[in-house]
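One file, start_19.tsv, carrying TSV, C-alpha atoms and all ligand atoms:
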```tsv
chain	number	residue	atom	x	y	z
A	17	PRO	CA	110.89	110.16	64.21
A	18	THR	CA	108.94	108.18	66.81
A	19	ILE	CA	106.75	105.54	65.19
A	20	LEU	CA	104.26	102.98	66.47
A	21	ALA	CA	104.29	99.80	64.33
A	22	ILE	CA	101.76	96.99	64.18
A	23	GLU	CA	102.18	93.46	62.84
A	24	SER	CA	99.16	91.18	62.33
A	25	SER	CA	99.89	89.12	59.20
A	26	CYS	CA	99.54	85.65	60.69
A	27	ASP	CA	99.22	84.39	64.24
A	28	GLU	CA	101.20	86.86	66.32
A	29	THR	CA	99.70	90.20	67.30
A	30	SER	CA	102.59	92.56	67.82
A	31	ALA	CA	103.29	96.25	68.43
A	32	ALA	CA	106.58	98.10	68.69
A	33	VAL	CA	107.86	101.63	69.09
A	34	VAL	CA	110.93	102.91	67.24
A	35	SER	CA	112.47	106.30	67.91
A	36	GLY	CA	115.39	107.71	65.94
A	37	GLY	CA	116.01	104.23	64.51
A	38	LYS	CA	116.16	102.61	67.93
A	39	VAL	CA	113.55	100.00	68.80
A	40	LEU	CA	112.29	100.91	72.28
A	41	SER	CA	109.73	98.15	72.69
A	42	ASN	CA	108.62	95.00	70.88
A	43	ILE	CA	105.57	93.28	72.38
A	44	VAL	CA	104.43	89.99	70.83
A	45	ALA	CA	101.25	88.11	71.73
A	46	THR	CA	101.45	84.63	70.22
A	47	GLN	CA	98.01	83.15	69.68
A	48	ALA	CA	97.75	79.83	71.52
A	49	VAL	CA	94.30	78.97	70.13
A	50	HIS	CA	95.78	77.36	66.98
A	51	GLU	CA	97.60	74.64	68.94
A	52	LEU	CA	94.32	72.75	69.23
A	53	TYR	CA	94.10	72.49	65.44
A	54	GLY	CA	97.75	71.83	64.62
A	55	GLY	CA	97.91	74.87	62.34
A	56	VAL	CA	96.76	78.46	61.94
A	57	VAL	CA	92.97	78.81	61.55
A	58	PRO	CA	92.50	82.15	59.69
A	59	GLU	CA	89.14	83.11	61.21
A	60	LEU	CA	90.38	82.44	64.73
A	61	ALA	CA	93.53	84.44	63.99
A	62	SER	CA	91.47	87.51	63.02
A	63	ARG	CA	89.40	87.30	66.18
A	64	ALA	CA	92.45	86.88	68.38
A	65	HIS	CA	94.08	89.91	66.71
A	66	GLN	CA	91.00	91.97	67.58
A	67	GLN	CA	91.20	90.85	71.20
A	68	ASN	CA	94.96	91.38	71.48
A	69	ILE	CA	95.60	94.55	69.56
A	70	ILE	CA	94.66	97.20	72.14
A	71	PRO	CA	96.48	95.54	75.08
A	72	VAL	CA	99.54	94.92	72.90
A	73	VAL	CA	99.67	98.52	71.64
A	74	THR	CA	99.14	99.88	75.16
A	75	GLN	CA	101.97	97.69	76.44
A	76	ALA	CA	104.30	98.74	73.59
A	77	LEU	CA	103.74	102.45	74.31
A	78	ARG	CA	104.14	101.93	78.05
A	79	THR	CA	107.34	99.88	77.74
A	80	ALA	CA	108.82	102.50	75.39
A	81	ASN	CA	107.75	105.23	77.81
A	82	VAL	CA	106.05	107.05	74.96
A	83	THR	CA	102.59	108.64	74.82
A	84	LYS	CA	100.32	108.94	71.79
A	85	SER	CA	101.15	112.62	71.41
A	86	ASP	CA	104.86	111.74	71.00
A	87	LEU	CA	104.13	109.71	67.87
A	88	ASN	CA	105.09	111.01	64.41
A	89	ALA	CA	103.61	108.13	62.41
A	90	VAL	CA	101.79	104.81	62.63
A	91	ALA	CA	102.96	101.81	60.58
A	92	PHE	CA	101.33	98.48	59.83
A	93	THR	CA	101.96	95.32	57.80
A	94	ARG	CA	100.11	95.59	54.48
A	95	GLY	CA	101.06	92.07	53.35
A	96	PRO	CA	101.83	89.33	52.55
A	97	GLY	CA	99.68	87.40	55.00
A	98	LEU	CA	96.14	86.30	55.82
A	99	LEU	CA	93.57	88.85	54.61
A	100	GLY	CA	91.39	88.82	57.73
A	101	ALA	CA	94.43	89.05	60.00
A	102	LEU	CA	95.98	91.91	58.00
A	103	LEU	CA	92.66	93.80	58.04
A	104	VAL	CA	92.75	94.08	61.82
A	105	GLY	CA	96.18	95.75	61.89
A	106	CYS	CA	95.42	97.89	58.84
A	107	SER	CA	92.09	99.21	60.16
A	108	PHE	CA	93.56	99.85	63.59
A	109	ALA	CA	96.55	101.76	62.18
A	110	LYS	CA	94.35	103.83	59.86
A	111	SER	CA	92.04	104.95	62.67
A	112	PHE	CA	94.97	105.63	64.97
A	113	ALA	CA	96.72	107.78	62.35
A	114	LEU	CA	93.49	109.58	61.49
A	115	GLY	CA	92.70	110.26	65.15
A	116	LEU	CA	96.15	111.66	65.86
A	117	ASN	CA	96.41	113.37	62.46
A	118	ILE	CA	99.82	111.82	61.72
A	119	PRO	CA	101.13	109.94	58.65
A	120	LEU	CA	100.38	106.29	57.97
A	121	ILE	CA	103.09	103.91	56.70
A	122	GLU	CA	102.38	100.59	54.95
A	123	VAL	CA	105.14	98.02	55.36
A	124	ASN	CA	105.97	94.91	53.31
A	125	HIS	CA	106.34	92.03	55.78
A	126	MET	CA	109.10	90.30	53.78
A	127	GLN	CA	111.15	93.50	53.46
A	128	ALA	CA	110.69	93.93	57.20
A	129	HIS	CA	112.06	90.43	57.96
A	130	ILE	CA	115.18	91.48	56.02
A	131	LEU	CA	115.44	94.93	57.64
A	132	ALA	CA	115.41	93.32	61.09
A	133	HIS	CA	119.20	93.38	60.62
A	134	PHE	CA	119.15	97.15	61.16
A	135	ILE	CA	117.66	96.96	64.65
A	136	ASP	CA	120.93	96.09	66.39
A	137	GLU	CA	124.64	96.32	65.58
A	138	PRO	CA	126.47	94.99	63.65
A	139	THR	CA	124.51	95.87	60.52
A	140	PRO	CA	125.30	94.43	57.08
A	141	GLN	CA	127.00	96.49	54.37
A	142	PHE	CA	125.22	96.98	51.04
A	143	PRO	CA	124.94	95.07	48.84
A	144	TYR	CA	124.26	91.96	50.88
A	145	LEU	CA	122.54	88.66	50.30
A	146	CYS	CA	119.70	87.66	52.58
A	147	LEU	CA	118.32	84.16	52.78
A	148	THR	CA	114.77	84.72	53.98
A	149	VAL	CA	113.32	81.56	55.42
A	150	SER	CA	109.88	81.56	56.99
A	151	GLY	CA	106.51	79.86	57.19
A	152	GLY	CA	105.38	81.11	53.80
A	153	HIS	CA	108.57	82.10	51.97
A	154	THR	CA	112.03	80.90	50.99
A	155	GLN	CA	113.96	83.53	49.07
A	156	ILE	CA	117.47	84.66	48.28
A	157	VAL	CA	117.29	88.44	48.15
A	158	LEU	CA	119.90	90.85	46.87
A	159	VAL	CA	119.64	93.84	49.20
A	160	LYS	CA	121.05	96.96	47.48
A	161	ASP	CA	119.74	99.50	49.96
A	162	HIS	CA	117.27	99.63	52.85
A	163	LEU	CA	114.30	99.86	50.51
A	164	ASP	CA	115.85	98.55	47.30
A	165	MET	CA	115.78	94.76	47.11
A	166	GLU	CA	115.58	92.13	44.40
A	167	VAL	CA	114.56	88.48	44.76
A	168	VAL	CA	117.18	86.45	42.88
A	169	GLY	CA	115.88	83.01	43.81
A	170	GLN	CA	112.95	81.45	45.62
A	171	THR	CA	110.97	78.31	46.25
A	172	THR	CA	108.82	77.09	43.40
A	173	ASP	CA	106.43	75.28	45.75
A	174	ASP	CA	106.53	74.94	49.56
A	175	ALA	CA	108.41	77.21	51.95
A	176	VAL	CA	111.13	75.60	54.05
A	177	GLY	CA	109.19	76.48	57.22
A	178	GLU	CA	106.33	74.43	55.85
A	179	ALA	CA	108.71	71.50	55.25
A	180	PHE	CA	109.84	71.75	58.88
A	181	ASP	CA	106.27	72.00	60.19
A	182	LYS	CA	104.81	69.22	58.03
A	183	THR	CA	107.58	66.69	58.72
A	184	ALA	CA	107.32	67.50	62.42
A	185	LYS	CA	103.59	66.78	62.23
A	186	MET	CA	104.22	63.42	60.52
A	187	LEU	CA	106.59	62.55	63.36
A	188	GLY	CA	103.86	63.31	65.88
A	189	LEU	CA	105.54	66.41	67.29
A	190	PRO	CA	103.20	69.08	68.69
A	191	TYR	CA	102.47	72.33	66.83
A	192	PRO	CA	104.34	74.49	65.98
A	193	GLY	CA	106.57	71.79	64.60
A	194	GLY	CA	109.65	73.73	63.47
A	195	PRO	CA	111.02	74.68	66.90
A	196	MET	CA	110.18	71.21	68.29
A	197	LEU	CA	111.98	69.47	65.43
A	198	ASP	CA	114.99	71.73	66.03
A	199	LYS	CA	115.06	70.81	69.73
A	200	THR	CA	114.75	67.08	69.05
A	201	ALA	CA	117.37	67.20	66.29
A	202	ALA	CA	119.98	68.45	68.76
A	203	LYS	CA	120.17	64.97	70.27
A	204	GLY	CA	120.37	63.11	66.94
A	205	ASN	CA	122.84	62.12	64.23
A	206	PRO	CA	122.40	64.36	61.16
A	207	ASP	CA	123.91	61.71	58.87
A	208	ALA	CA	121.77	58.80	60.08
A	209	PHE	CA	119.34	58.87	57.15
A	210	GLN	CA	119.34	60.30	53.63
A	211	PHE	CA	116.43	62.14	52.07
A	212	PRO	CA	116.27	63.29	48.46
A	213	VAL	CA	115.54	66.96	47.67
A	214	GLY	CA	114.54	68.40	44.33
A	215	ASN	CA	117.20	70.44	42.55
A	216	MET	CA	115.83	73.50	40.77
A	217	PRO	CA	117.57	75.69	38.20
A	218	GLY	CA	119.32	78.91	39.25
A	219	TYR	CA	118.89	79.93	42.87
A	220	ASN	CA	115.45	78.40	43.15
A	221	TYR	CA	114.25	75.75	45.55
A	222	SER	CA	111.68	72.98	45.80
A	223	PHE	CA	110.66	71.68	49.20
A	224	SER	CA	107.44	69.83	48.42
A	225	GLY	CA	109.24	66.54	47.60
A	226	ILE	CA	110.79	66.09	51.02
A	227	LYS	CA	107.37	65.74	52.67
A	228	THR	CA	106.54	62.80	50.40
A	229	ALA	CA	110.04	61.36	50.84
A	230	VAL	CA	109.66	61.41	54.63
A	231	LEU	CA	106.13	60.01	54.41
A	232	TYR	CA	107.22	56.98	52.32
A	233	PHE	CA	110.36	56.50	54.39
A	234	LEU	CA	108.30	56.32	57.60
A	235	ARG	CA	105.69	54.05	56.00
A	236	ASP	CA	108.33	51.57	54.79
A	237	LYS	CA	110.30	51.56	58.04
A	238	THR	CA	107.30	51.16	60.34
A	239	LYS	CA	106.06	48.22	58.25
A	240	VAL	CA	109.01	46.12	59.44
A	241	GLN	CA	109.64	47.95	62.72
A	242	PRO	CA	106.47	49.40	64.28
A	243	ASP	CA	108.39	51.43	66.90
A	244	PHE	CA	110.80	52.88	64.34
A	245	VAL	CA	109.79	56.51	64.88
A	246	GLN	CA	109.89	56.39	68.68
A	247	GLU	CA	113.27	54.63	68.64
A	248	ASN	CA	114.89	56.90	66.05
A	249	LEU	CA	113.09	60.21	66.55
A	250	ALA	CA	116.18	62.35	67.23
A	251	ASP	CA	118.11	60.84	64.30
A	252	ILE	CA	115.19	61.37	61.91
A	253	CYS	CA	114.78	65.00	63.03
A	254	ALA	CA	118.52	65.66	62.77
A	255	SER	CA	118.66	64.08	59.30
A	256	VAL	CA	115.66	66.00	57.95
A	257	GLN	CA	117.01	69.26	59.39
A	258	ASN	CA	120.46	68.59	57.97
A	259	THR	CA	119.00	67.94	54.51
A	260	LEU	CA	116.98	71.16	54.59
A	261	ILE	CA	119.92	73.26	55.78
A	262	LYS	CA	122.34	71.84	53.20
A	263	THR	CA	119.82	72.48	50.43
A	264	LEU	CA	119.28	76.08	51.57
A	265	LEU	CA	122.97	76.87	51.86
A	266	LYS	CA	124.03	75.25	48.58
A	267	LYS	CA	122.16	77.87	46.55
A	268	LEU	CA	123.28	80.63	48.85
A	269	VAL	CA	126.93	79.65	48.25
A	270	GLN	CA	126.29	79.64	44.51
A	271	ALA	CA	124.66	83.07	44.59
A	272	SER	CA	127.48	84.47	46.74
A	273	LYS	CA	130.08	83.18	44.28
A	274	ASP	CA	128.28	84.34	41.14
A	275	LEU	CA	127.47	87.80	42.49
A	276	GLY	CA	130.76	88.21	44.33
A	277	ILE	CA	129.06	89.13	47.61
A	278	LYS	CA	130.44	88.02	50.95
A	279	GLU	CA	128.01	89.91	53.18
A	280	VAL	CA	125.46	87.22	53.98
A	281	ALA	CA	122.41	87.34	56.26
A	282	ILE	CA	119.54	85.08	57.23
A	283	ALA	CA	116.07	86.25	58.25
A	284	GLY	CA	112.56	84.95	58.98
A	285	GLY	CA	111.19	82.40	61.42
A	286	VAL	CA	113.44	79.53	60.31
A	287	SER	CA	116.52	81.68	60.98
A	288	ALA	CA	115.81	80.81	64.64
A	289	ASN	CA	116.84	77.24	63.80
A	290	SER	CA	119.95	76.34	65.79
A	291	GLY	CA	121.30	74.03	63.06
A	292	LEU	CA	121.00	76.76	60.42
A	293	ARG	CA	122.60	79.37	62.69
A	294	GLN	CA	125.53	77.04	63.41
A	295	ALA	CA	125.91	76.06	59.75
A	296	LEU	CA	126.02	79.71	58.69
A	297	GLN	CA	128.85	80.33	61.15
A	298	ASP	CA	130.73	77.34	59.71
A	299	TYR	CA	130.20	78.58	56.15
A	300	ALA	CA	131.42	82.03	57.22
A	301	ARG	CA	134.78	80.55	58.14
A	302	LYS	CA	134.93	78.31	55.07
A	303	TYR	CA	133.96	80.97	52.50
A	304	ASN	CA	135.27	84.04	54.26
A	305	TRP	CA	131.78	85.54	54.66
A	306	ASN	CA	130.64	88.19	57.11
A	307	VAL	CA	127.41	86.70	58.41
A	308	TYR	CA	124.45	88.33	60.13
A	309	ILE	CA	122.04	86.34	62.26
A	310	PRO	CA	119.07	88.10	63.89
A	311	ALA	CA	118.40	87.97	67.64
A	312	PHE	CA	115.71	85.37	68.37
A	313	GLN	CA	113.00	87.95	69.11
A	314	TYR	CA	113.43	89.37	65.58
A	315	CYS	CA	113.38	86.03	63.67
A	316	THR	CA	109.71	85.04	63.92
A	317	ASP	CA	106.97	87.59	63.34
A	318	ASN	CA	107.34	90.77	65.40
A	319	ALA	CA	106.52	94.46	65.07
A	320	GLY	CA	110.10	95.52	65.83
A	321	MET	CA	111.02	94.67	62.25
A	322	ILE	CA	107.95	96.55	60.94
A	323	ALA	CA	109.03	99.53	63.03
A	324	ILE	CA	112.58	99.63	61.64
A	325	ALA	CA	111.28	99.31	58.06
A	326	ALA	CA	108.85	102.17	58.80
A	327	HIS	CA	111.72	104.27	60.13
A	328	TYR	CA	113.51	104.13	56.75
A	329	GLN	CA	110.25	104.71	54.89
A	330	TYR	CA	109.52	107.76	57.05
A	331	LEU	CA	112.90	109.26	56.13
A	332	LYS	CA	111.89	108.93	52.45
A	333	LYS	CA	108.39	110.30	53.17
A	334	ASP	CA	106.96	107.06	51.86
A	335	PHE	CA	103.47	107.49	53.36
A	336	ALA	CA	100.20	105.71	52.65
A	337	THR	CA	96.76	107.26	52.31
A	338	GLN	CA	93.55	106.31	54.11
A	339	TYR	CA	92.57	104.42	50.93
A	340	VAL	CA	95.25	101.74	51.42
A	341	SER	CA	94.01	98.18	51.87
A	342	PRO	CA	95.80	94.94	52.81
A	343	GLU	CA	97.45	92.92	50.07
A	344	PRO	CA	97.67	89.20	51.01
A	345	ARG	CA	100.06	88.47	48.13
A	346	LEU	CA	102.23	91.57	48.33
A	347	LYS	CA	105.65	91.01	46.66
A	348	ILE	CA	109.05	92.53	47.42
B	401	LIG	P1	105.95	84.61	56.17
B	401	LIG	O1	106.94	85.44	56.92
B	401	LIG	O2	106.52	83.87	55.04
B	401	LIG	O3	104.72	85.39	55.83
B	401	LIG	P2	105.24	83.54	58.74
B	401	LIG	O4	105.19	84.99	59.07
B	401	LIG	O5	104.12	82.65	59.15
B	401	LIG	O6	105.46	83.43	57.17
B	401	LIG	P3	107.50	83.42	60.46
B	401	LIG	O7	106.78	83.81	61.70
B	401	LIG	O8	108.49	84.35	59.91
B	401	LIG	O9	106.54	82.93	59.28
B	401	LIG	O10	108.16	82.02	60.74
B	401	LIG	C1	107.39	80.93	61.20
B	401	LIG	C2	108.04	79.66	60.70
B	401	LIG	O11	109.34	79.53	61.32
B	401	LIG	C3	107.27	78.41	61.05
B	401	LIG	O12	107.26	77.56	59.92
B	401	LIG	C4	108.09	77.80	62.19
B	401	LIG	O13	108.00	76.41	62.30
B	401	LIG	C5	109.50	78.21	61.77
B	401	LIG	N1	110.44	78.15	62.88
B	401	LIG	C6	110.47	78.91	64.00
B	401	LIG	N2	111.48	78.53	64.82
B	401	LIG	C7	112.11	77.49	64.18
B	401	LIG	C8	113.22	76.67	64.51
B	401	LIG	N3	113.89	76.82	65.64
B	401	LIG	N4	113.56	75.70	63.62
B	401	LIG	C9	112.89	75.55	62.45
B	401	LIG	N5	111.84	76.28	62.11
B	401	LIG	C10	111.45	77.25	62.96
B	402	MG	MG	103.65	82.52	63.69
B	403	FE	FE	106.91	86.27	58.81
```

Please render this file's structure as structure tokens.
Amino acid sequence: PTILAIESSCDETSAAVVSGGKVLSNIVATQAVHELYGGVVPELASRAHQQNIIPVVTQALRTANVTKSDLNAVAFTRGPGLLGALLVGCSFAKSFALGLNIPLIEVNHMQAHILAHFIDEPTPQFPYLCLTVSGGHTQIVLVKDHLDMEVVGQTTDDAVGEAFDKTAKMLGLPYPGGPMLDKTAAKGNPDAFQFPVGNMPGYNYSFSGIKTAVLYFLRDKTKVQPDFVQENLADICASVQNTLIKTLLKKLVQASKDLGIKEVAIAGGVSANSGLRQALQDYARKYNWNVYIPAFQYCTDNAGMIAIAAHYQYLKKDFATQYVSPEPRLKI
């Protein structure tokens, strides 16, 4: 099947075309308007989606060399995400499907992050473990089949992406903080400073404590040394990043041992982090894992991943009706 997919859950407006399981185009318009505010402003996100969606869809069809009449279905992100943002993609997809008289497919954004591993070779073998790390989620997911997944552990408070973004903000780095912190960390010593992280039972996480730990650490240091942050920026970034990565991987190692699974993947925006990507390679050697790391364009939000999820749903005739509405808290 040839499917047009739309992603509009947060602050990227994206459209992609998949045909026979091959992603032919993946156009992403990142909304710059939020930079002014240091975070995503929901109302502005909805408006920007409305402005971007037609050009982005047009571009996706053109790049894929596909016309509307070639399409067999239209897919969109139903959730999780911001309600107003999701509504734009959902309404657009519904009208498009209705106008062309083709099926509509509703996709779960978190399943899609995980299925991004089926866009390019090599693809993981089932069952595999996927550490999904993004702006709103931190989960260890047992993936039994394309559309059969179970969350075995997750954060009990903040997502790890939030920990990256908030610490970056405290350090005065521009929004979005995660990628900037990553870049700065590359020049620092990861063992320069120690930060405590909460230990949760099972395969669960807690990342809210590290924000406070960094806040107090900076307050105490700058009291005696006003230029502390400027003089130690790279070391602080490297140390925070190192702490977050070690915490993430500790539970992943535990889950891999307990479940006896050596197929291990990462997904979501934070899987673009260079420290995490490197650490996963190191763990692969140490624990004899086969690891899967998405290409950069499929880490942060994109419609390519929605398209590949829709491809598998199409094969199962998992279609939505015109009555479907967005679900901001949709679960796996
Ligand atoms: P969710 O998928 O949970 O709904 P989201 O869609 O907003 O949330 P993504 O687009 O998947 O999240 O990921 C965005 C997050 O990834 C942000 O927190 C961002 O800072 C983080 N991120 C992106 N690149 C990097 C990087 N190189 N290092 C660390 N964090 C990064
Ligand atoms: Mg984003
Ligand atoms: Fe996402």

Next item on the list: Select, counting all atoms listed in the file, all protein, DNA and RNA residues no farther than 10 Å from (129.9, 90.6, 54.4) in file coordinates, and express the selection as a VMD selection string.
Entry: chain A and resid 139 to 145 277 to 281 300 304 to 308

Checklist line | Residues near A:Gly214, cut-off 9 Å, only C-alpha atoms, skip fewer than 6 positions along chain, as a list of chain:residue names | finding: A:Tyr221, A:Ser222, A:Phe223, A:Ser224, A:Gly225, A:Ile226

Notebook entry, point to check: Nearest to A:Cys26 among A:Asn215, A:Asn88, A:Thr259, A:Thr93, with distances taken over all atoms listed in the file: which residue is it?
Noted result: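 Going through A:Asn215, A:Asn88, A:Thr259, A:Thr93 one by one, the smallest distance to A:Cys26 is for A:Thr93.
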
Specify the axis-aligned box that encloses all atoms of stretch 317-321 of chain A listed in the file after padding of 5 Å on each side, stating its centre and edge lengths in Å to one decimal as lines of an AutoDock Vina configuration file.
```
center_x = 108.8
center_y = 91.6
center_z = 64.0
size_x = 14.5
size_y = 17.9
size_z = 13.6
```

Compile a residue-level contact table for chain A against ligand FE 403 (chain B) at a cut-off of 7 Å, reporting for every qualifying residue the shortest atom pair and its distance in Å to one decimal, with all atoms listed in the file counted, rows ordered by chain and ascending number, as a tab-separated table.
```
residue	atom	partner	partner_atom	distance
A:His125	CA	B:FE403	FE	6.5
A:Met126	CA	B:FE403	FE	6.8
A:His129	CA	B:FE403	FE	6.7
A:Ser150	CA	B:FE403	FE	5.9
A:Gly151	CA	B:FE403	FE	6.6
A:Gly284	CA	B:FE403	FE	5.8
A:Gly285	CA	B:FE403	FE	6.3
A:Thr316	CA	B:FE403	FE	6.0
A:Asp317	CA	B:FE403	FE	4.7
```

Checklist line | Residue with smallest distance to ligand LIG 401 (chain B) - pool A:Tyr219, A:Tyr314, A:Phe209, A:Tyr339, counting all atoms listed in the file | finding: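 When distances to ligand LIG 401 (chain B) are compared using all atoms listed in the file, the smallest one comes from A:Tyr314.
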
Please find the residues contacting ligand LIG 401 (chain B) at a distance of at most 7 Å between atoms, with all atoms listed in the file counted, and report them as a PDB file with C-alpha atoms, in the frame of the given file.
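Contents of part20.pdb, as written:
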```pdb
ATOM      1  CA  SER A  25      99.890  89.120  59.200  1.00  0.00           C
ATOM      2  CA  CYS A  26      99.540  85.650  60.690  1.00  0.00           C
ATOM      3  CA  PRO A  96     101.830  89.330  52.550  1.00  0.00           C
ATOM      4  CA  GLY A  97      99.680  87.400  55.000  1.00  0.00           C
ATOM      5  CA  HIS A 125     106.340  92.030  55.780  1.00  0.00           C
ATOM      6  CA  MET A 126     109.100  90.300  53.780  1.00  0.00           C
ATOM      7  CA  SER A 150     109.880  81.560  56.990  1.00  0.00           C
ATOM      8  CA  GLY A 151     106.510  79.860  57.190  1.00  0.00           C
ATOM      9  CA  GLY A 152     105.380  81.110  53.800  1.00  0.00           C
ATOM     10  CA  HIS A 153     108.570  82.100  51.970  1.00  0.00           C
ATOM     11  CA  GLY A 177     109.190  76.480  57.220  1.00  0.00           C
ATOM     12  CA  GLU A 178     106.330  74.430  55.850  1.00  0.00           C
ATOM     13  CA  PHE A 180     109.840  71.750  58.880  1.00  0.00           C
ATOM     14  CA  ASP A 181     106.270  72.000  60.190  1.00  0.00           C
ATOM     15  CA  PRO A 192     104.340  74.490  65.980  1.00  0.00           C
ATOM     16  CA  GLY A 193     106.570  71.790  64.600  1.00  0.00           C
ATOM     17  CA  GLY A 194     109.650  73.730  63.470  1.00  0.00           C
ATOM     18  CA  PRO A 195     111.020  74.680  66.900  1.00  0.00           C
ATOM     19  CA  LEU A 197     111.980  69.470  65.430  1.00  0.00           C
ATOM     20  CA  ASP A 198     114.990  71.730  66.030  1.00  0.00           C
ATOM     21  CA  GLY A 284     112.560  84.950  58.980  1.00  0.00           C
ATOM     22  CA  GLY A 285     111.190  82.400  61.420  1.00  0.00           C
ATOM     23  CA  VAL A 286     113.440  79.530  60.310  1.00  0.00           C
ATOM     24  CA  SER A 287     116.520  81.680  60.980  1.00  0.00           C
ATOM     25  CA  ALA A 288     115.810  80.810  64.640  1.00  0.00           C
ATOM     26  CA  ASN A 289     116.840  77.240  63.800  1.00  0.00           C
ATOM     27  CA  SER A 290     119.950  76.340  65.790  1.00  0.00           C
ATOM     28  CA  CYS A 315     113.380  86.030  63.670  1.00  0.00           C
ATOM     29  CA  THR A 316     109.710  85.040  63.920  1.00  0.00           C
ATOM     30  CA  ASP A 317     106.970  87.590  63.340  1.00  0.00           C
TER      31      ASP A 317
END
```

Next item on the list: Have a look at A:Ala271, A:Val57, A:Val33, A:Val104 and name the one nearest to ligand MG 402 (chain B); count all atoms listed in the file.
Entry: A:Val57

Note to self: Report, in Å with one decimal, the straight-line distance from atom CA of A:Val39 to atom CA of A:Glu137.
What the structure shows: 12.1 Å

Margin query: Measuring between only C-alpha atoms, which one of A:Ile19, A:Ala89, A:Ile43, A:Leu163 shows the shortest distance to A:Leu114?
Written below: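 The answer is A:Ala89, which sits nearest to A:Leu114.
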
Next item on the list: Have a look at atom CA of A:Ile282 and atom CA of A:Pro310 and let me know their distance in Å, one decimal.
Entry: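 Taking atom CA of A:Ile282 and atom CA of A:Pro310, their separation equals 7.3 Å.
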
Next item on the list: Write out as a list in words which residues come within 6 Å of A:Ala91 when counting only C-alpha atoms, dropping same-chain ones fewer than 5 positions away.
Entry: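 Listing them by chain and then by number gives Ala21, Leu120, Ile121 and Glu122 of chain A.
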
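Atom pair atom CA of A:Met186 / atom CA of A:Ala250 has a distance of 13.8 Å (rounded to one decimal).
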